[in-house]
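Visitor: Handing over start.cif, mmCIF, C-alpha atoms.
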```
data_target
loop_
_atom_site.label_atom_id
_atom_site.label_comp_id
_atom_site.auth_asym_id
_atom_site.auth_seq_id
_atom_site.Cartn_x
_atom_site.Cartn_y
_atom_site.Cartn_z
CA MET A 30 -30.42 175.52 -133.58
CA LYS A 31 -29.13 179.04 -134.15
CA LYS A 32 -25.85 179.63 -132.40
CA LEU A 33 -22.22 180.42 -132.92
CA ASP A 34 -20.35 177.27 -132.03
CA ILE A 35 -16.66 176.95 -131.36
CA LYS A 36 -15.49 173.37 -131.21
CA ASP A 37 -12.09 172.44 -129.80
CA LEU A 38 -10.44 175.43 -131.44
CA HIS A 39 -6.67 175.69 -131.60
CA VAL A 40 -5.13 178.91 -132.92
CA GLU A 41 -1.55 179.71 -133.78
CA VAL A 42 0.08 183.11 -134.24
CA ASN A 43 3.50 183.19 -135.91
CA GLY A 44 4.00 179.53 -135.11
CA THR A 45 3.10 179.79 -131.41
CA GLU A 46 -0.06 178.14 -130.21
CA ILE A 47 -2.13 180.70 -128.29
CA ILE A 48 -5.56 179.08 -128.11
CA LYS A 49 -5.24 175.51 -126.92
CA GLY A 50 -8.57 173.86 -127.41
CA VAL A 51 -11.54 176.09 -126.67
CA THR A 52 -15.15 174.87 -126.91
CA LEU A 53 -17.86 177.50 -126.47
CA SER A 54 -21.33 178.40 -127.74
CA PHE A 55 -22.80 181.88 -128.15
CA PHE A 56 -26.55 182.38 -128.58
CA PRO A 57 -28.66 185.03 -130.32
CA GLY A 58 -29.99 187.69 -127.95
CA LYS A 59 -27.70 186.58 -125.12
CA VAL A 60 -24.74 188.33 -123.53
CA HIS A 61 -21.65 186.23 -123.05
CA VAL A 62 -18.69 187.76 -121.23
CA LEU A 63 -15.16 186.62 -121.85
CA MET A 64 -12.63 187.50 -119.17
CA GLY A 65 -9.05 186.60 -118.45
CA PRO A 66 -5.66 188.06 -117.55
CA ASN A 67 -3.63 189.93 -120.16
CA GLY A 68 -2.16 187.57 -122.71
CA SER A 69 -4.67 184.81 -122.05
CA GLY A 70 -5.76 184.71 -125.69
CA LYS A 71 -9.06 186.59 -125.63
CA SER A 72 -8.23 188.88 -128.54
CA THR A 73 -6.64 186.00 -130.42
CA LEU A 74 -9.85 184.05 -130.09
CA ALA A 75 -11.86 187.07 -131.30
CA ASN A 76 -9.63 187.64 -134.32
CA ALA A 77 -9.61 183.96 -135.21
CA LEU A 78 -13.41 183.90 -135.09
CA MET A 79 -13.56 186.81 -137.52
CA GLY A 80 -11.02 185.24 -139.88
CA HIS A 81 -7.97 187.47 -139.46
CA PRO A 82 -5.33 185.91 -141.75
CA LYS A 83 -2.56 186.26 -139.16
CA TYR A 84 -4.39 183.88 -136.82
CA LYS A 85 -4.12 180.35 -138.05
CA ILE A 86 -6.68 177.78 -137.01
CA THR A 87 -4.76 174.53 -136.67
CA MET A 88 -7.54 172.41 -135.26
CA GLY A 89 -11.24 172.60 -134.48
CA LYS A 90 -14.24 174.21 -136.08
CA ILE A 91 -16.31 177.39 -136.06
CA ILE A 92 -19.99 176.84 -136.89
CA LEU A 93 -22.31 179.79 -137.49
CA ASP A 94 -25.99 178.79 -137.49
CA GLU A 95 -25.10 175.28 -138.67
CA LYS A 96 -22.75 176.55 -141.39
CA ASP A 97 -19.08 175.66 -141.08
CA ILE A 98 -17.13 178.90 -141.51
CA THR A 99 -13.76 177.65 -140.26
CA ASN A 100 -12.13 178.23 -143.64
CA GLU A 101 -14.15 181.21 -144.85
CA LYS A 102 -12.62 184.64 -145.40
CA ALA A 103 -13.51 187.58 -143.14
CA ASN A 104 -15.82 189.23 -145.68
CA VAL A 105 -17.84 186.03 -146.08
CA ARG A 106 -18.16 185.72 -142.30
CA ALA A 107 -19.25 189.37 -142.10
CA ASN A 108 -21.95 188.86 -144.72
CA LEU A 109 -23.15 185.81 -142.81
CA GLY A 110 -23.72 188.06 -139.82
CA LEU A 111 -20.54 188.03 -137.78
CA PHE A 112 -19.10 191.28 -136.44
CA LEU A 113 -15.93 192.18 -134.55
CA SER A 114 -15.17 195.50 -132.92
CA PHE A 115 -11.48 196.00 -132.37
CA GLN A 116 -9.69 196.74 -129.16
CA SER A 117 -7.53 199.26 -131.03
CA PRO A 118 -9.46 200.27 -134.15
CA ALA A 119 -7.33 201.10 -137.20
CA GLU A 120 -7.38 204.49 -138.88
CA ILE A 121 -8.33 204.37 -142.55
CA THR A 122 -7.43 207.56 -144.36
CA GLY A 123 -9.44 208.42 -147.45
CA VAL A 124 -12.56 206.44 -146.56
CA THR A 125 -15.36 208.37 -144.88
CA ILE A 126 -17.45 206.70 -142.20
CA SER A 127 -20.59 207.31 -144.21
CA ASN A 128 -19.20 205.81 -147.41
CA PHE A 129 -17.74 202.82 -145.64
CA LEU A 130 -20.92 201.99 -143.76
CA ARG A 131 -23.18 202.46 -146.76
CA THR A 132 -21.04 200.14 -148.85
CA ALA A 133 -20.98 197.55 -146.07
CA VAL A 134 -24.75 197.75 -145.53
CA ASN A 135 -25.62 197.59 -149.22
CA ASN A 136 -23.31 194.64 -149.65
CA LYS A 137 -25.52 192.66 -147.30
CA LYS A 138 -28.86 193.76 -148.67
CA GLU A 139 -30.61 192.81 -151.87
CA LYS A 140 -32.46 196.09 -152.12
CA LYS A 141 -29.85 198.84 -151.88
CA SER A 142 -30.79 201.89 -149.90
CA SER A 143 -30.27 205.28 -151.51
CA ILE A 144 -27.84 207.81 -150.13
CA VAL A 145 -30.66 209.89 -148.68
CA GLU A 146 -32.34 206.90 -147.02
CA PHE A 147 -29.04 205.73 -145.60
CA HIS A 148 -28.15 209.14 -144.21
CA THR A 149 -31.48 209.43 -142.45
CA LEU A 150 -30.80 206.11 -140.74
CA LEU A 151 -27.18 206.97 -139.97
CA LYS A 152 -28.09 210.30 -138.38
CA GLU A 153 -30.63 208.63 -136.15
CA LYS A 154 -28.09 206.07 -134.93
CA MET A 155 -25.46 208.74 -134.42
CA LYS A 156 -27.86 210.74 -132.31
CA ASP A 157 -28.44 207.69 -130.09
CA LEU A 158 -24.69 207.40 -129.54
CA GLU A 159 -24.24 211.15 -129.17
CA ILE A 160 -21.77 211.34 -132.03
CA ASP A 161 -21.45 214.69 -133.76
CA PRO A 162 -23.11 214.64 -137.23
CA SER A 163 -19.95 216.04 -138.82
CA PHE A 164 -18.30 212.65 -138.22
CA THR A 165 -19.98 211.12 -141.27
CA LYS A 166 -17.67 213.16 -143.48
CA ARG A 167 -14.53 212.26 -141.56
CA TYR A 168 -12.16 209.49 -142.46
CA ILE A 169 -12.56 206.35 -140.38
CA ASN A 170 -10.97 206.87 -136.98
CA GLU A 171 -8.44 209.38 -138.33
CA GLY A 172 -7.67 211.81 -135.55
CA PHE A 173 -10.43 210.35 -133.37
CA SER A 174 -9.94 210.29 -129.62
CA GLY A 175 -9.91 206.91 -127.89
CA GLY A 176 -13.53 207.33 -126.84
CA GLU A 177 -14.62 208.46 -130.30
CA LYS A 178 -13.02 205.39 -131.86
CA LYS A 179 -14.93 203.13 -129.51
CA LYS A 180 -18.16 204.95 -130.28
CA ALA A 181 -17.46 204.64 -134.00
CA GLU A 182 -17.13 200.86 -133.53
CA ILE A 183 -20.50 200.72 -131.80
CA LEU A 184 -21.97 202.88 -134.55
CA GLN A 185 -20.87 200.23 -137.06
CA LEU A 186 -22.47 197.58 -134.87
CA THR A 187 -25.82 199.37 -134.71
CA VAL A 188 -25.87 200.13 -138.44
CA LEU A 189 -24.80 196.67 -139.62
CA GLU A 190 -27.10 194.77 -137.23
CA PRO A 191 -25.11 191.54 -137.21
CA LYS A 192 -26.34 188.21 -135.85
CA TYR A 193 -23.35 187.84 -133.54
CA ALA A 194 -21.07 190.62 -132.36
CA ILE A 195 -17.73 190.10 -130.68
CA LEU A 196 -16.73 193.26 -128.87
CA ASP A 197 -13.10 193.36 -127.84
CA GLU A 198 -12.87 195.69 -124.84
CA PRO A 199 -15.50 198.22 -125.93
CA ASP A 200 -15.10 199.79 -122.49
CA SER A 201 -11.36 200.44 -122.38
CA GLY A 202 -10.10 204.01 -122.33
CA ILE A 203 -13.43 205.77 -122.16
CA ASP A 204 -15.06 208.04 -119.60
CA ARG A 205 -18.16 207.20 -117.56
CA ASP A 206 -20.61 209.05 -119.78
CA ALA A 207 -19.30 207.37 -122.91
CA LEU A 208 -19.40 204.01 -121.13
CA LYS A 209 -23.09 204.51 -120.43
CA ILE A 210 -23.82 205.46 -124.05
CA ILE A 211 -21.84 202.51 -125.39
CA GLY A 212 -23.33 200.06 -122.89
CA GLU A 213 -26.86 201.18 -123.69
CA GLY A 214 -26.15 201.14 -127.42
CA ILE A 215 -25.06 197.50 -127.22
CA GLU A 216 -28.03 196.54 -125.04
CA LYS A 217 -30.41 198.22 -127.48
CA ILE A 218 -29.26 196.20 -130.46
CA ARG A 219 -29.36 193.00 -128.43
CA LYS A 220 -32.90 193.70 -127.34
CA ASN A 221 -34.28 195.00 -130.63
CA LYS A 222 -32.40 192.86 -133.15
CA GLY A 223 -31.60 189.78 -131.10
CA THR A 224 -27.90 190.11 -131.74
CA GLY A 225 -25.78 187.66 -129.77
CA ILE A 226 -23.23 189.70 -127.82
CA VAL A 227 -19.79 188.47 -126.82
CA VAL A 228 -17.97 191.03 -124.70
CA ILE A 229 -14.32 190.83 -123.83
CA THR A 230 -13.68 193.01 -120.81
CA HIS A 231 -11.57 193.57 -117.73
CA HIS A 232 -14.14 195.70 -116.00
CA GLN A 233 -17.36 194.96 -114.30
CA LYS A 234 -18.76 198.43 -114.91
CA ILE A 235 -20.03 197.78 -118.43
CA LEU A 236 -22.03 194.90 -116.98
CA ASN A 237 -24.24 197.49 -115.30
CA TYR A 238 -25.72 198.07 -118.75
CA LEU A 239 -25.45 194.54 -120.14
CA LYS A 240 -26.85 191.69 -118.13
CA PRO A 241 -24.54 188.77 -118.82
CA ASP A 242 -26.15 185.37 -119.28
CA SER A 243 -22.82 183.65 -118.78
CA ILE A 244 -19.21 184.42 -118.07
CA THR A 245 -16.23 182.43 -119.25
CA ILE A 246 -12.71 182.76 -117.90
CA LEU A 247 -9.84 182.14 -120.26
CA VAL A 248 -6.30 181.56 -118.94
CA LYS A 249 -3.32 180.69 -121.11
CA GLY A 250 -5.49 179.73 -124.05
CA LYS A 251 -7.82 177.43 -122.12
CA ILE A 252 -11.16 177.80 -120.46
CA VAL A 253 -10.73 177.52 -116.70
CA ASP A 254 -14.14 178.54 -115.39
CA HIS A 255 -17.74 179.36 -116.26
CA GLY A 256 -20.18 181.31 -114.17
CA ASP A 257 -22.60 184.19 -113.81
CA THR A 258 -22.40 187.81 -112.64
CA LYS A 259 -21.06 186.70 -109.27
CA LEU A 260 -17.94 185.39 -110.93
CA ALA A 261 -17.27 188.80 -112.48
CA GLU A 262 -17.62 190.41 -109.06
CA GLU A 263 -15.20 187.90 -107.56
CA ILE A 264 -12.64 188.60 -110.22
CA GLU A 265 -13.02 192.34 -109.87
CA ARG A 266 -12.19 191.81 -106.18
CA ASP A 267 -9.60 189.05 -106.18
CA GLY A 268 -8.12 189.02 -109.65
CA TYR A 269 -7.16 185.81 -111.41
CA GLN A 270 -4.77 184.38 -108.81
CA LYS A 271 -7.17 181.52 -108.15
CA TYR A 272 -6.55 180.33 -111.71
CA THR A 273 -2.98 181.42 -112.36
CA GLY A 274 -1.55 180.43 -109.00
CA GLU A 275 0.20 183.81 -108.75
CA THR A 276 -0.56 186.02 -105.80
CA LYS A 277 -1.96 189.46 -106.27
CA GLU A 278 0.28 192.33 -105.24
CA MET B 17 -33.32 233.73 -174.07
CA ARG B 18 -29.91 235.05 -174.99
CA LEU B 19 -27.15 232.77 -173.94
CA THR B 20 -24.80 234.86 -171.82
CA LYS B 21 -21.68 233.43 -170.25
CA GLU B 22 -23.47 232.88 -166.93
CA THR B 23 -26.47 231.05 -168.33
CA ALA B 24 -24.21 228.92 -170.48
CA ALA B 25 -22.38 227.86 -167.34
CA SER B 26 -25.57 227.16 -165.48
CA ILE B 27 -26.76 224.68 -168.07
CA ASP B 28 -23.42 222.90 -168.05
CA LYS B 29 -24.36 219.22 -167.99
CA ASN B 30 -22.02 218.43 -165.12
CA GLU B 31 -23.17 221.19 -162.88
CA ILE B 32 -25.92 220.07 -160.59
CA ALA B 33 -26.28 223.07 -158.35
CA SER B 34 -24.27 226.24 -158.57
CA THR B 35 -25.19 227.88 -155.30
CA SER B 36 -23.45 226.78 -152.13
CA LEU B 37 -25.34 223.95 -150.49
CA THR B 38 -26.14 223.14 -146.89
CA GLU B 39 -24.88 219.89 -145.43
CA ASP B 40 -28.21 218.18 -146.02
CA GLN B 41 -28.37 219.44 -149.60
CA GLU B 42 -24.87 218.08 -150.19
CA ILE B 43 -26.23 214.63 -149.35
CA TYR B 44 -29.13 215.11 -151.76
CA LYS B 45 -26.66 216.18 -154.44
CA GLU B 46 -24.58 213.07 -153.82
CA ASN B 47 -27.81 211.10 -153.97
CA ILE B 48 -28.68 212.54 -157.40
CA LEU B 49 -25.22 211.74 -158.73
CA ASP B 50 -25.51 208.20 -157.39
CA TYR B 51 -28.87 207.69 -159.13
CA TYR B 52 -27.33 209.08 -162.30
CA LYS B 53 -24.29 206.79 -162.17
CA ASN B 54 -26.14 203.74 -160.83
CA PRO B 55 -29.66 204.17 -162.14
CA ARG B 56 -32.39 202.00 -160.60
CA ASN B 57 -35.08 200.59 -162.88
CA LYS B 58 -33.21 201.58 -166.05
CA LYS B 59 -34.23 198.84 -168.43
CA GLU B 60 -36.74 198.07 -171.11
CA LEU B 61 -39.94 196.39 -169.95
CA LYS B 62 -41.23 193.80 -172.38
CA ASP B 63 -44.75 193.29 -171.00
CA TYR B 64 -45.63 196.94 -170.42
CA THR B 65 -49.16 198.32 -170.34
CA VAL B 66 -48.11 201.83 -171.36
CA LYS B 67 -44.97 203.06 -173.05
CA ARG B 68 -44.31 206.75 -173.56
CA LYS B 69 -41.41 208.81 -174.85
CA GLU B 70 -40.86 212.45 -173.95
CA VAL B 71 -38.03 214.81 -174.85
CA ASN B 72 -36.78 218.25 -173.87
CA PRO B 73 -36.02 219.61 -177.33
CA LEU B 74 -33.91 222.47 -175.98
CA CYS B 75 -31.41 220.48 -173.98
CA GLY B 76 -31.80 217.05 -175.50
CA ASP B 77 -32.99 215.08 -172.46
CA GLU B 78 -34.84 211.95 -173.52
CA LEU B 79 -36.99 209.56 -171.55
CA THR B 80 -38.95 206.45 -172.43
CA LEU B 81 -41.16 205.22 -169.63
CA TYR B 82 -42.59 201.70 -169.35
CA LEU B 83 -45.44 201.03 -166.96
CA LYS B 84 -47.07 197.74 -166.13
CA ILE B 85 -50.50 198.27 -164.65
CA ASP B 86 -52.50 195.59 -162.85
CA ASN B 87 -55.91 196.35 -161.31
CA ASP B 88 -55.39 200.12 -161.31
CA LYS B 89 -52.03 199.70 -159.62
CA ILE B 90 -48.58 200.36 -161.05
CA SER B 91 -46.92 197.02 -160.52
CA LYS B 92 -43.73 197.84 -162.39
CA ALA B 93 -42.11 201.03 -163.68
CA THR B 94 -38.91 201.20 -165.71
CA PHE B 95 -37.29 203.67 -168.06
CA LEU B 96 -34.65 204.19 -170.70
CA GLY B 97 -33.14 207.54 -171.51
CA LYS B 98 -30.23 209.86 -171.87
CA GLY B 99 -29.51 213.37 -170.78
CA CYS B 100 -28.27 215.33 -167.81
CA ALA B 101 -27.88 213.97 -164.29
CA ILE B 102 -30.96 215.73 -162.96
CA SER B 103 -33.33 214.46 -165.64
CA GLN B 104 -32.08 210.88 -165.41
CA ALA B 105 -31.86 210.73 -161.61
CA SER B 106 -35.30 212.26 -161.33
CA ILE B 107 -36.98 209.57 -163.45
CA SER B 108 -35.03 206.78 -161.75
CA MET B 109 -36.19 207.95 -158.32
CA LEU B 110 -39.74 208.46 -159.52
CA THR B 111 -40.03 204.97 -160.99
CA GLU B 112 -39.03 203.62 -157.55
CA ARG B 113 -41.55 205.90 -155.91
CA ILE B 114 -44.55 205.03 -158.12
CA GLU B 115 -44.10 201.29 -158.06
CA GLY B 116 -46.96 199.94 -155.97
CA MET B 117 -48.94 203.18 -156.18
CA SER B 118 -52.55 203.28 -157.36
CA LEU B 119 -53.16 205.21 -160.57
CA ARG B 120 -54.88 207.92 -158.57
CA GLU B 121 -51.95 208.33 -156.20
CA ALA B 122 -49.56 208.55 -159.12
CA LYS B 123 -51.72 211.14 -160.86
CA ASN B 124 -51.70 213.26 -157.72
CA LEU B 125 -47.91 213.58 -157.73
CA THR B 126 -46.95 217.24 -158.00
CA LYS B 127 -44.01 219.34 -159.04
CA GLU B 128 -43.39 219.98 -155.34
CA ASP B 129 -43.16 216.24 -154.65
CA VAL B 130 -40.48 215.87 -157.30
CA LEU B 131 -38.52 218.89 -156.09
CA ALA B 132 -38.67 217.65 -152.49
CA MET B 133 -37.42 214.26 -153.67
CA LEU B 134 -34.47 215.88 -155.43
CA GLY B 135 -33.81 218.01 -152.36
CA ILE B 136 -31.55 220.66 -153.87
CA PRO B 137 -32.47 224.06 -155.25
CA ILE B 138 -33.24 223.72 -158.95
CA SER B 139 -32.60 226.81 -161.06
CA ILE B 140 -35.15 227.94 -163.62
CA VAL B 141 -33.04 226.70 -166.52
CA ARG B 142 -32.87 223.21 -165.01
CA MET B 143 -36.52 223.01 -164.02
CA LYS B 144 -37.50 221.35 -167.30
CA CYS B 145 -34.85 218.67 -166.73
CA ALA B 146 -36.09 218.00 -163.22
CA LEU B 147 -39.73 217.77 -164.24
CA LEU B 148 -39.47 215.84 -167.51
CA SER B 149 -39.92 212.68 -165.42
CA LEU B 150 -43.19 213.88 -163.94
CA LYS B 151 -44.44 215.06 -167.32
CA THR B 152 -43.74 211.64 -168.82
CA ILE B 153 -45.56 209.85 -166.02
CA THR B 154 -48.56 212.19 -166.12
CA LYS B 155 -48.87 211.83 -169.91
CA SER B 156 -48.55 208.05 -169.72
CA LEU B 157 -51.37 207.90 -167.22
CA GLU B 158 -53.57 210.15 -169.36
CA GLU B 159 -52.84 207.89 -172.30
CA LYS B 160 -53.96 204.90 -170.28
CA GLU B 161 -57.42 206.39 -169.70
#
```
Would you write out, as structure tokens, the structure that this file holds?

Guide:
Amino acid sequence: MKKLDIKDLHVEVNGTEIIKGVTLSFFPGKVHVLMGPNGSGKSTLANALMGHPKYKITMGKIILDEKDITNEKANVRANLGLFLSFQSPAEITGVTISNFLRTAVNNKKEKKSSIVEFHTLLKEKMKDLEIDPSFTKRYINEGFSGGEKKKAEILQLTVLEPKYAILDEPDSGIDRDALKIIGEGIEKIRKNKGTGIVVITHHQKILNYLKPDSITILVKGKIVDHGDTKLAEEIERDGYQKYTGETKE
Amino acid sequence: MRLTKETAASIDKNEIASTSLTEDQEIYKENILDYYKNPRNKKELKDYTVKRKEVNPLCGDELTLYLKIDNDKISKATFLGKGCAISQASISMLTERIEGMSLREAKNLTKEDVLAMLGIPISIVRMKCALLSLKTITKSLEEKE
């Protein structure tokens, strides 16, 4: 069966264990929301899934559509259809968005698209996300505002059309209009391409555009609860005190 | 034509378009350079139906076209050649374009089709470079008849 399977995953950063045994499955075309207080290990889990070298998997397995990718490098995982959008996207001076995306797309395809074909596609996707066409010539994220960086991440998502996309707080630091555009952009690729979406978020608002199929709560590197939209509403109201034992101020 | 300083510059092999280009034309220019540097379908075809060589004697562009034709359809088109970016990119793009076309469709290709495919203004001096590809294809198809 096609799914992204995480089996009893343990992840260490600089010798400290952050993820302490997580078992989860993500499915194509479904929206899975990952929530949890700050420092609970959500981003660590995301980075470990993508193969960031700083995050060491000490135990467990990651299986993508029945292929064990636990020890594969990030570029191999990307070509197999895994995608991660960063919470704080890096600026890459000297590489234009258009060049970067065309290289990434052609790397995945057997028949390479020409520059003209690619630009036609890119312009269409940028229009959907209301990104100014001049951005293609700009260096990746250099001098972008917070909202523009988040949009640029979603642009990559819609151009690369991965099988599974892990989106680390795509909704942080953006205004309401941008949130709508980003939310709808994600929903569109899920619907049209059957991409499995994993959203890490602290806010319920983005869930107005994405209908979550399941919600998982992570606390201190462990899964403490599963649920549906109701759970997200509860957390928005009461916080995580139920799980952490700390009272909300 | 007398070769003044200006015309000499305009047939400089590295110069693709001298006039300032719009943003869209810049992309087409980049596209031409990419086809020149990474040509598609640039190889000899062993089991060709038609093979045809054409040259531009004035500027030295050379093209050899190989076509494989099955049931009045171009099933494969490749080329070998040397010359300026425009002439080589033009044939590379055209071979991609005509693959899968019927002979009639390929015969109906016009100068305007080629110029639209290149997408940048082509000066009179470079017109022969741009259209050598089309000439080679048209002549090959005539030869086939």

Visitor: Using only C-alpha atoms and a cut-off of 7 Å, which residues of chain A sit close to chain B? Please list them as a JSON list (two decimals) with C-alpha atoms, in the frame of the given file.

Guide:
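And here is the file that came out, part_25.json:
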```
[["chain", "number", "residue", "atom", "x", "y", "z"],
["A", 143, "SER", "CA", -30.27, 205.28, -151.51],
["A", 144, "ILE", "CA", -27.84, 207.81, -150.13],
["A", 145, "VAL", "CA", -30.66, 209.89, -148.68]]
```

Visitor: Might you spell out which residues the PyMOL selection byres ((chain A and resi 51-54) around 6) would select in the displayed file, as a PyMOL selection string?

Guide: chain A and resi 33-38+50+55

Visitor: Provide the atom CA of A:His255 to atom CA of A:Ser117 distance in Å, to one decimal place.

Guide: 26.8 Å

Visitor: If you measure from atom CA of A:Leu247 to atom CA of A:Ile98, what distance in Å do you get, rounded to one decimal?

Guide: 22.7 Å

Visitor: From the list B:Cys75, B:Ile138, B:Leu83, B:Leu96, which residue is nearest B:Lys155 when using only C-alpha atoms?

Guide: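 The closest residue to B:Lys155 is B:Leu83.
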
Visitor: Hey, which of B:Ile90, B:Lys62, B:Thr80, B:Ser156 ends up closest to B:Leu119? Count all atoms listed in the file.

Guide: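 So, comparing all the options, the nearest one is B:Ile90.
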
Visitor: Just the number, please: distance in Å from atom CA of A:Thr187 to atom CA of A:Lys217, one decimal.

Guide: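 Result for atom CA of A:Thr187 versus atom CA of A:Lys217: 8.6 Å, one decimal.
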
Visitor: I would like the residues chosen by the PyMOL selection byres ((chain A and resi 188) around 9) on the shown file; could you give them as a PDB file with C-alpha atoms, in the coordinates of the input?

Guide:
```pdb
ATOM      1  CA  LEU A 130     -20.920 201.990-143.760  1.00  0.00           C
ATOM      2  CA  VAL A 134     -24.750 197.750-145.530  1.00  0.00           C
ATOM      3  CA  LEU A 150     -30.800 206.110-140.740  1.00  0.00           C
ATOM      4  CA  LEU A 151     -27.180 206.970-139.970  1.00  0.00           C
ATOM      5  CA  LYS A 154     -28.090 206.070-134.930  1.00  0.00           C
ATOM      6  CA  ILE A 183     -20.500 200.720-131.800  1.00  0.00           C
ATOM      7  CA  LEU A 184     -21.970 202.880-134.550  1.00  0.00           C
ATOM      8  CA  GLN A 185     -20.870 200.230-137.060  1.00  0.00           C
ATOM      9  CA  LEU A 186     -22.470 197.580-134.870  1.00  0.00           C
ATOM     10  CA  THR A 187     -25.820 199.370-134.710  1.00  0.00           C
ATOM     11  CA  LEU A 189     -24.800 196.670-139.620  1.00  0.00           C
ATOM     12  CA  GLU A 190     -27.100 194.770-137.230  1.00  0.00           C
ATOM     13  CA  PRO A 191     -25.110 191.540-137.210  1.00  0.00           C
TER      14      PRO A 191
END
```

Visitor: Just checking: using all atoms listed in the file, which residue out of B:Ile153, B:Cys100, B:Ile140, B:Leu148 ends up closest to B:Leu125?

Guide: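 Distance minimum relative to B:Leu125 lands on B:Ile153.
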
Visitor: Which residue is closest to A:Asn128? Choose from A:Lys140, A:Lys166, A:Lys249, A:His231 and count only C-alpha atoms.

Guide: A:Lys166

Visitor: Which is closer to B:Lys69 than all the others in B:Ser149, B:Gly99, B:Glu115, B:Asn87, using all atoms listed in the file?

Guide: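 Of all the options, B:Ser149 lies closest to B:Lys69.
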
Visitor: Every residue with an atom at most 12 Å from (-12.1, 181.3, -119.9) (file coordinates; all atoms listed in the file) is what I'm after, so could you write them as number ranges by chain?

Guide: A: 48-53, 61-66, 69-71, 74, 229-230, 243-256, 260-261, 269, 272-273

Visitor: Save the residues we just selected, C-alpha atoms, as an mmCIF file, in the coordinates of the input?

Guide:
```
data_model
loop_
_atom_site.group_PDB
_atom_site.id
_atom_site.type_symbol
_atom_site.label_atom_id
_atom_site.label_comp_id
_atom_site.auth_asym_id
_atom_site.auth_seq_id
_atom_site.Cartn_x
_atom_site.Cartn_y
_atom_site.Cartn_z
ATOM 1 C CA ILE A 48 -5.560 179.080 -128.110
ATOM 2 C CA LYS A 49 -5.240 175.510 -126.920
ATOM 3 C CA GLY A 50 -8.570 173.860 -127.410
ATOM 4 C CA VAL A 51 -11.540 176.090 -126.670
ATOM 5 C CA THR A 52 -15.150 174.870 -126.910
ATOM 6 C CA LEU A 53 -17.860 177.500 -126.470
ATOM 7 C CA HIS A 61 -21.650 186.230 -123.050
ATOM 8 C CA VAL A 62 -18.690 187.760 -121.230
ATOM 9 C CA LEU A 63 -15.160 186.620 -121.850
ATOM 10 C CA MET A 64 -12.630 187.500 -119.170
ATOM 11 C CA GLY A 65 -9.050 186.600 -118.450
ATOM 12 C CA PRO A 66 -5.660 188.060 -117.550
ATOM 13 C CA SER A 69 -4.670 184.810 -122.050
ATOM 14 C CA GLY A 70 -5.760 184.710 -125.690
ATOM 15 C CA LYS A 71 -9.060 186.590 -125.630
ATOM 16 C CA LEU A 74 -9.850 184.050 -130.090
ATOM 17 C CA ILE A 229 -14.320 190.830 -123.830
ATOM 18 C CA THR A 230 -13.680 193.010 -120.810
ATOM 19 C CA SER A 243 -22.820 183.650 -118.780
ATOM 20 C CA ILE A 244 -19.210 184.420 -118.070
ATOM 21 C CA THR A 245 -16.230 182.430 -119.250
ATOM 22 C CA ILE A 246 -12.710 182.760 -117.900
ATOM 23 C CA LEU A 247 -9.840 182.140 -120.260
ATOM 24 C CA VAL A 248 -6.300 181.560 -118.940
ATOM 25 C CA LYS A 249 -3.320 180.690 -121.110
ATOM 26 C CA GLY A 250 -5.490 179.730 -124.050
ATOM 27 C CA LYS A 251 -7.820 177.430 -122.120
ATOM 28 C CA ILE A 252 -11.160 177.800 -120.460
ATOM 29 C CA VAL A 253 -10.730 177.520 -116.700
ATOM 30 C CA ASP A 254 -14.140 178.540 -115.390
ATOM 31 C CA HIS A 255 -17.740 179.360 -116.260
ATOM 32 C CA GLY A 256 -20.180 181.310 -114.170
ATOM 33 C CA LEU A 260 -17.940 185.390 -110.930
ATOM 34 C CA ALA A 261 -17.270 188.800 -112.480
ATOM 35 C CA TYR A 269 -7.160 185.810 -111.410
ATOM 36 C CA TYR A 272 -6.550 180.330 -111.710
ATOM 37 C CA THR A 273 -2.980 181.420 -112.360
#
```

Visitor: If the PyMOL selection byres ((chain A and resi 179) around 8) is run on the structure shown, which residues does it catch, given as a PDB file with C-alpha atoms, in the coordinates of the input?

Guide:
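Everything below was put into part-v2.pdb:
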```pdb
ATOM      1  CA  PRO A 118      -9.460 200.270-134.150  1.00  0.00           C
ATOM      2  CA  GLY A 175      -9.910 206.910-127.890  1.00  0.00           C
ATOM      3  CA  GLY A 176     -13.530 207.330-126.840  1.00  0.00           C
ATOM      4  CA  GLU A 177     -14.620 208.460-130.300  1.00  0.00           C
ATOM      5  CA  LYS A 178     -13.020 205.390-131.860  1.00  0.00           C
ATOM      6  CA  LYS A 180     -18.160 204.950-130.280  1.00  0.00           C
ATOM      7  CA  ALA A 181     -17.460 204.640-134.000  1.00  0.00           C
ATOM      8  CA  GLU A 182     -17.130 200.860-133.530  1.00  0.00           C
ATOM      9  CA  ILE A 183     -20.500 200.720-131.800  1.00  0.00           C
ATOM     10  CA  PRO A 199     -15.500 198.220-125.930  1.00  0.00           C
ATOM     11  CA  ASP A 200     -15.100 199.790-122.490  1.00  0.00           C
ATOM     12  CA  ILE A 203     -13.430 205.770-122.160  1.00  0.00           C
TER      13      ILE A 203
END
```

Visitor: Excluding B:Phe95 and any residue of its chain fewer than 4 positions from it, enumerate the residues within 8 Å of it, using only C-alpha atoms, and give them as a list in words.

Guide: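 These residues fall inside the cut-off: Asn57, Lys58, Lys59, Glu60, Leu61, Leu79, Thr80, Leu81, Tyr82, Ile107, Ser108 and Thr111 of chain B.
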
Visitor: Return the single residue from A:Ser114, A:Glu216, A:Met88, A:Gly80 that is closest to A:Glu101, with distances computed using all atoms listed in the file.

Guide: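 Using all atoms listed in the file, A:Glu101 sits closest to A:Gly80.
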